[in-house]
Amino acid sequence: MNDGLKGAVRAAALRLLEPLVKLLLDAGVGVGDFIGLAKVAYVRAASGRSKNGGREAQRPTASQIAVVTGMTRVEVASILATGEAVSRTAEHNRPRAERVLSAWWTDPAFLTPQGEPAILRMRGPRRSFVALCKRYSGDQRAAPILEELSRVGAIRRLPDGRVQALSRTYATVRWDPEGIAAVGEQLAEHCATLLANLEQPTRPRLARQVVNARLNPKYAPILIRDIESSLQVQADGLNDSLNDPLHTAEPGAPAMRLGVGLYVYEGPAEDAAEPDTDRQTAPRGHARGKRRG
């Protein structure tokens with residue numbers, strides 16, 4: 001792959017990562033945990049690539065995976081051996097605010113006799129919020145951690161200036177685990193469809209998009225209502241067809257996965273200059289749907 005294509009891949013990956021990292025930050029997942037997850041993903045993707053294209057598939061060895069991923073053979077072998085979905089990272093890689101909050105709930109020096117987080121005065125050499133931050137964040141500056149934990153509702157500042165822990169978790173995401181799992185599943189399926197179209201352009205799956213990048217905001221509510229109503233009708237019909245008992249494999253029989261993803265997107269206007277009409281070969285709007293199998 002030439003440098004131009006690699007640059008385009010990096011730009012596309014960065015654009016994909018930005019909303020994902022917002023979710024990770026809200027969930028209290030720091031960069032150390034993300035690096036661990038990225039390593040697991042690299043190993044899984046590389047191990048899934050078969051050797052000897054047309055001949056019998058063979059899984060790459062740990063050494064071969066290490067070469068293509070840039071990881072060490074020891075790291076690769078460890079991930080292959082454990083098969084863990086989440087890479088365990090060192091304690092210091094966790095967000096500082098999360099480390100402080102976790103210690104507040106577990107360190108006896110900051111607990112009441114009943115085992116609950118003690119209400120701490122702000123300053124002091126012992127049993128204070130500043131002392132807690134210094135011990136578990138490695139930084140004497142407690143104000144940024146106080147601000148962050150207050151922002152997510154994990155602690156509160158009392159009228160007398162003391163600080164009280166309210167939540168055991170630093171995560172700001174309050175969705176249920178099933179909802180988070182659905183986000184990952186749908187993102188993975190959509191990406192898989194688009195990547196399949198890059199790899200097999202002669203047999204593309206349907207992936208179309210309809211966008212007005214300069215919509216007048218006053219028309220958005222009625223357009224969103226009409227679009228969602230139309231898509232709901234289509235989705236109900238597709239669901240009935242896809243899940244017809246006649247189309248469903250019996251238990252134990254060969255089966256595959258086939259579905260359609262629909263979504264409505266809202267975002268800021270694109271303030272780019274108008275394209276050169278002589279070079280514009282497609283209308284500004286295209287339709288997005290997704291078929292996967």
# chains A, B, ... in the order shown; residues from 1 in each chain; ligands from 1

$ select_by_dssp --residues "range 39-178 of chain A" --states "alpha helix (DSSP H)" --output "VMD selection string"
chain A and resid 39 to 47 62 to 69 73 to 82 96 to 106 129 to 137 143 to 151 177 to 178

$ residues_around --residues "range 2-18 of chain A" --least-positions-apart "3" --cutoff "10 Å" --atoms "only C-alpha atoms" --output "list in words"
Val21, Lys22, Leu23, Leu24, Leu187 and Cys191 of chain A

$ write_last_selection --atoms "C-alpha atoms" --output "PDB file, in the first residue's frame"
ATOM      1  CA  VAL A  21     -13.113   7.612  22.306  1.00  0.00           C
ATOM      2  CA  LYS A  22     -15.876   9.934  23.534  1.00  0.00           C
ATOM      3  CA  LEU A  23     -17.741   6.809  24.650  1.00  0.00           C
ATOM      4  CA  LEU A  24     -14.597   5.406  26.273  1.00  0.00           C
ATOM      5  CA  LEU A 187     -20.536  -0.505  14.584  1.00  0.00           C
ATOM      6  CA  CYS A 191     -17.614  -1.406   9.296  1.00  0.00           C
TER       7      CYS A 191
END

$ select_by_dssp --residues "range 73-186 of chain A" --states "strand (DSSP E or B)" --output "VMD selection string"
chain A and resid 111 117 120 to 121 128 155 to 157 163 to 165

$ closest_residue --among "A:Arg99, A:Arg162, A:Arg141, A:Arg156" --to "Ile119 in chain A" --atoms "only C-alpha atoms"
A:Arg162
